[in-house]
file structure03.cif (mmCIF, C-alpha atoms)
data_final
#
loop_
_atom_site.group_PDB
_atom_site.id
_atom_site.type_symbol
_atom_site.label_atom_id
_atom_site.label_comp_id
_atom_site.auth_asym_id
_atom_site.auth_seq_id
_atom_site.Cartn_x
_atom_site.Cartn_y
_atom_site.Cartn_z
ATOM 1 C CA MET W 1 -167.940 81.250 -47.854
ATOM 2 C CA TYR W 2 -167.794 79.049 -50.936
ATOM 3 C CA LEU W 3 -171.504 78.103 -51.052
ATOM 4 C CA SER W 4 -172.715 81.718 -51.097
ATOM 5 C CA LYS W 5 -170.262 82.479 -53.910
ATOM 6 C CA GLU W 6 -171.421 79.393 -55.842
ATOM 7 C CA ILE W 7 -175.091 80.386 -55.483
ATOM 8 C CA SER W 8 -174.624 84.094 -56.253
ATOM 9 C CA GLU W 9 -172.145 83.827 -59.108
ATOM 10 C CA GLY W 10 -172.624 80.343 -60.532
ATOM 11 C CA PHE W 11 -176.358 79.803 -60.053
ATOM 12 C CA LEU W 12 -177.850 83.313 -60.009
ATOM 13 C CA HIS W 13 -175.131 85.136 -61.977
ATOM 14 C CA ARG W 14 -175.183 88.017 -59.496
ATOM 15 C CA GLY W 15 -172.509 89.995 -57.689
ATOM 16 C CA SER W 16 -171.054 90.584 -54.265
ATOM 17 C CA ALA W 17 -174.112 92.218 -52.641
ATOM 18 C CA THR W 18 -176.146 89.070 -53.317
ATOM 19 C CA LYS W 19 -173.253 86.945 -52.077
ATOM 20 C CA GLU W 20 -173.090 88.880 -48.798
ATOM 21 C CA LYS W 21 -176.841 88.571 -48.214
ATOM 22 C CA LEU W 22 -176.620 84.839 -48.990
ATOM 23 C CA GLU W 23 -173.753 84.451 -46.490
ATOM 24 C CA THR W 24 -175.867 86.012 -43.754
ATOM 25 C CA THR W 25 -178.886 83.907 -44.727
ATOM 26 C CA LEU W 26 -176.822 80.721 -44.742
ATOM 27 C CA ARG W 27 -175.585 81.668 -41.265
ATOM 28 C CA LEU W 28 -179.214 82.005 -40.137
ATOM 29 C CA ILE W 29 -179.905 78.558 -41.572
ATOM 30 C CA ARG W 30 -176.898 77.086 -39.721
ATOM 31 C CA GLU W 31 -178.215 78.635 -36.491
ATOM 32 C CA THR W 32 -181.306 76.420 -36.826
ATOM 33 C CA GLY W 33 -178.993 73.382 -36.649
ATOM 34 C CA ILE W 34 -178.777 72.669 -40.376
ATOM 35 C CA LYS W 35 -175.306 71.829 -41.632
ATOM 36 C CA SER W 36 -176.299 70.751 -45.154
ATOM 37 C CA LEU W 37 -178.942 72.210 -47.468
ATOM 38 C CA LYS W 38 -180.241 68.718 -48.184
ATOM 39 C CA ASN W 39 -181.457 68.681 -44.556
ATOM 40 C CA LEU W 40 -183.244 72.033 -44.830
ATOM 41 C CA THR W 41 -186.942 71.752 -43.968
ATOM 42 C CA THR W 42 -189.974 74.001 -44.051
ATOM 43 C CA GLU W 43 -189.829 74.104 -40.246
ATOM 44 C CA ASN W 44 -186.288 75.522 -40.363
ATOM 45 C CA ILE W 45 -187.374 78.156 -42.847
ATOM 46 C CA ASN W 46 -190.406 79.054 -40.724
ATOM 47 C CA THR W 47 -188.111 79.456 -37.691
ATOM 48 C CA ILE W 48 -185.982 81.912 -39.656
ATOM 49 C CA ILE W 49 -189.050 83.803 -40.909
ATOM 50 C CA THR W 50 -190.421 84.031 -37.369
ATOM 51 C CA GLY W 51 -187.112 85.496 -36.229
ATOM 52 C CA LEU W 52 -187.144 88.027 -39.066
ATOM 53 C CA LYS W 53 -190.722 88.997 -38.267
ATOM 54 C CA GLU W 54 -189.858 89.502 -34.577
ATOM 55 C CA LYS W 55 -186.932 91.742 -35.538
ATOM 56 C CA VAL W 56 -189.194 93.814 -37.787
ATOM 57 C CA GLU W 57 -191.787 94.109 -35.021
ATOM 58 C CA ASN W 58 -189.242 95.248 -32.423
ATOM 59 C CA GLY W 59 -187.638 97.685 -34.860
ATOM 60 C CA THR W 60 -184.200 96.076 -35.191
ATOM 61 C CA LEU W 61 -184.771 95.135 -38.849
ATOM 62 C CA SER W 62 -186.577 96.982 -41.624
ATOM 63 C CA THR W 63 -189.314 95.348 -43.681
ATOM 64 C CA SER W 64 -187.168 95.910 -46.748
ATOM 65 C CA ALA W 65 -184.237 94.027 -45.183
ATOM 66 C CA ALA W 66 -186.563 91.183 -44.121
ATOM 67 C CA ASN W 67 -187.814 90.965 -47.713
ATOM 68 C CA SER W 68 -184.214 90.815 -48.888
ATOM 69 C CA TYR W 69 -183.551 87.864 -46.545
ATOM 70 C CA ILE W 70 -186.699 86.137 -47.795
ATOM 71 C CA SER W 71 -185.455 86.614 -51.341
ATOM 72 C CA SER W 72 -182.149 85.006 -50.307
ATOM 73 C CA ILE W 73 -183.992 82.097 -48.702
ATOM 74 C CA ASN W 74 -185.939 81.618 -51.938
ATOM 75 C CA ASN W 75 -182.691 81.634 -53.923
ATOM 76 C CA ILE W 76 -181.252 79.006 -51.582
ATOM 77 C CA VAL W 77 -184.414 76.894 -51.930
ATOM 78 C CA ARG W 78 -184.148 77.116 -55.730
ATOM 79 C CA TYR W 79 -180.472 76.178 -55.571
ATOM 80 C CA SER W 80 -181.118 73.239 -53.240
ATOM 81 C CA GLY W 81 -183.450 71.605 -55.758
ATOM 82 C CA ASN W 82 -185.519 70.193 -52.882
ATOM 83 C CA ASP W 83 -189.019 69.698 -54.312
ATOM 84 C CA GLU W 84 -190.524 69.520 -50.820
ATOM 85 C CA LEU W 85 -189.554 73.123 -50.094
ATOM 86 C CA HIS W 86 -191.685 75.914 -51.479
ATOM 87 C CA LEU W 87 -190.804 79.495 -52.207
ATOM 88 C CA ILE W 88 -191.871 81.986 -49.573
ATOM 89 C CA LYS W 89 -194.092 85.005 -50.064
ATOM 90 C CA ALA W 90 -193.364 87.833 -47.640
ATOM 91 C CA ASP W 91 -197.042 88.831 -47.749
ATOM 92 C CA ASP W 92 -198.005 85.464 -46.233
ATOM 93 C CA HIS W 93 -195.952 86.329 -43.162
ATOM 94 C CA GLY W 94 -197.092 89.927 -42.750
ATOM 95 C CA LEU W 95 -193.882 91.301 -44.231
ATOM 96 C CA SER W 96 -195.334 93.006 -47.298
ATOM 97 C CA ARG W 97 -193.306 95.824 -48.816
ATOM 98 C CA ASN W 98 -196.591 97.613 -49.386
ATOM 99 C CA ILE W 99 -197.011 98.245 -45.677
ATOM 100 C CA SER W 100 -195.526 101.579 -44.671
ATOM 101 C CA GLU W 101 -192.880 101.114 -41.980
ATOM 102 C CA LYS W 102 -193.706 104.518 -40.496
ATOM 103 C CA ASP W 103 -197.472 104.305 -40.117
ATOM 104 C CA GLY W 104 -198.370 100.641 -40.754
ATOM 105 C CA ILE W 105 -200.782 101.561 -43.560
ATOM 106 C CA ASN W 106 -201.103 99.241 -46.540
ATOM 107 C CA LYS W 107 -200.144 101.350 -49.543
ATOM 108 C CA GLU W 108 -201.098 98.721 -52.098
ATOM 109 C CA ASN W 109 -203.357 100.056 -54.823
ATOM 110 C CA THR W 110 -206.640 98.203 -55.360
ATOM 111 C CA ARG W 111 -208.177 97.614 -58.785
ATOM 112 C CA GLU W 112 -211.104 99.783 -57.754
ATOM 113 C CA ALA W 113 -208.821 102.687 -56.818
ATOM 114 C CA ALA W 114 -206.884 102.344 -60.079
ATOM 115 C CA GLN W 115 -210.119 102.283 -62.069
ATOM 116 C CA ALA W 116 -211.458 105.332 -60.225
ATOM 117 C CA TYR W 117 -208.228 107.166 -61.032
ATOM 118 C CA LYS W 118 -208.446 106.187 -64.712
ATOM 119 C CA ASP W 119 -212.080 107.341 -64.784
ATOM 120 C CA TRP W 120 -211.062 110.674 -63.269
ATOM 121 C CA LEU W 121 -208.252 111.047 -65.836
ATOM 122 C CA ASN W 122 -210.701 110.250 -68.626
ATOM 123 C CA GLN W 123 -213.156 112.822 -67.288
ATOM 124 C CA LYS W 124 -210.411 115.469 -67.089
ATOM 125 C CA TYR W 125 -209.361 114.673 -70.664
ATOM 126 C CA GLU W 126 -212.949 115.036 -71.891
ATOM 127 C CA GLN W 127 -213.245 118.399 -70.125
ATOM 128 C CA THR W 128 -209.917 119.867 -71.195
ATOM 129 C CA LYS W 129 -208.767 117.804 -74.201
ATOM 130 C CA ASP W 130 -205.321 117.984 -72.579
ATOM 131 C CA LEU W 131 -203.358 115.029 -73.930
ATOM 132 C CA ARG W 132 -201.384 114.727 -70.689
ATOM 133 C CA TYR W 133 -204.472 113.267 -68.995
ATOM 134 C CA GLU W 134 -204.932 110.764 -71.813
ATOM 135 C CA ALA W 135 -201.233 109.827 -71.730
ATOM 136 C CA LEU W 136 -201.312 109.368 -67.968
ATOM 137 C CA LYS W 137 -204.416 107.166 -68.239
ATOM 138 C CA HIS W 138 -202.603 104.919 -70.719
ATOM 139 C CA THR W 139 -199.524 104.830 -68.499
ATOM 140 C CA VAL W 140 -201.631 103.680 -65.545
ATOM 141 C CA SER W 141 -203.239 101.001 -67.737
ATOM 142 C CA ILE W 142 -199.849 99.730 -68.896
ATOM 143 C CA GLN W 143 -198.557 99.617 -65.310
ATOM 144 C CA SER W 144 -201.570 97.646 -64.131
ATOM 145 C CA VAL W 145 -201.148 95.128 -66.970
ATOM 146 C CA ASN W 146 -197.458 94.806 -66.102
ATOM 147 C CA LEU W 147 -198.307 94.154 -62.444
ATOM 148 C CA ARG W 148 -200.894 91.530 -63.393
ATOM 149 C CA LEU W 149 -198.360 89.821 -65.657
ATOM 150 C CA ARG W 150 -195.772 89.697 -62.872
ATOM 151 C CA LYS W 151 -198.160 88.521 -60.165
ATOM 152 C CA PRO W 152 -198.880 85.052 -61.610
ATOM 153 C CA ALA W 153 -195.140 84.314 -61.768
ATOM 154 C CA ASN W 154 -194.952 84.963 -58.029
ATOM 155 C CA GLN W 155 -198.076 82.951 -57.319
ATOM 156 C CA THR W 156 -196.812 79.835 -59.109
ATOM 157 C CA ALA W 157 -193.954 79.802 -56.621
ATOM 158 C CA GLU W 158 -196.289 78.731 -53.829
#

call {"tool": "encode", "arguments": {"input": "structure03.cif", "output": "structure tokens"}}
result
Amino acid sequence: MYLSKEISEGFLHRGSATKEKLETTLRLIRETGIKSLKNLTTENINTIITGLKEKVENGTLSTSAANSYISSINNIVRYSGNDELHLIKADDHGLSRNISEKDGINKENTREAAQAYKDWLNQKYEQTKDLRYEALKHTVSIQSVNLRLRKPANQTAE
């Protein structure tokens, strides 16, 4: 399909895996009755998301695959240039990657848990003077800063 190739290679500068996912996503869009991206609406996108969520709930699609489709939808929205369409956050539709597919437990780390871990690492360093604890504490701090820096970029997409 020419459009998926144009989006993946020309717009996103990505390869064949992205193209294939875009082809499938464009097929899902066509199934909602849309023949041109200029006619794509939020309602069409919500219909697709609802279908993805149902497939995840009945076990025919993994959360990871649903997130991949949502990423493709967002790429199509960016490509379309339609200012009335907004990028989608999987979390808003209960499709967070932080939810374990096996047990349904949210594995996302809270700031409080991260701080408690850093406090424990600091305490262990003070007790043992083992630099591995200090290094790990700094690594955790750097990771949390990196996550906070990435989060606002995702939130502006709303």

call {"tool": "resolve_selection", "arguments": {"input": "structure03.cif", "expression": "the PyMOL selection byres ((chain W and resi 44) around 10)", "output": "NGL selection string"}}
result
:W and (28-34 or 39-43 or 45-50)

call {"tool": "resolve_selection", "arguments": {"input": "structure03.cif", "expression": "the PyMOL selection byres ((chain W and resi 73-79) around 9)", "output": "ChimeraX atom specification"}}
result
/W:4,7-8,11-12,22,25-26,29,37,40,45,68-72,80-83,85-88

call {"tool": "resolve_selection", "arguments": {"input": "structure03.cif", "expression": "the PyMOL selection byres ((chain W and resi 90) around 9)", "output": "count of residues only"}}
result
14

call {"tool": "atom_distance", "arguments": {"input": "structure03.cif", "atom1": "atom CA of Leu52 of chain W", "atom2": "atom CA of Lys21 of chain W"}}
result
13.8 Å

call {"tool": "closest_residue", "arguments": {"input": "structure03.cif", "among": "W:Lys118, W:Arg111, W:Lys19, W:Lys55", "to": "Glu134 of chain W", "atoms": "only C-alpha atoms"}}
result
W:Lys118

call {"tool": "atom_distance", "arguments": {"input": "structure03.cif", "atom1": "atom CA of Thr60 of chain W", "atom2": "atom CA of Thr24 of chain W"}}
result
15.6 Å

call {"tool": "atom_distance", "arguments": {"input": "structure03.cif", "atom1": "atom CA of Ala17 of chain W", "atom2": "atom CA of Lys38 of chain W"}}
result
24.7 Å
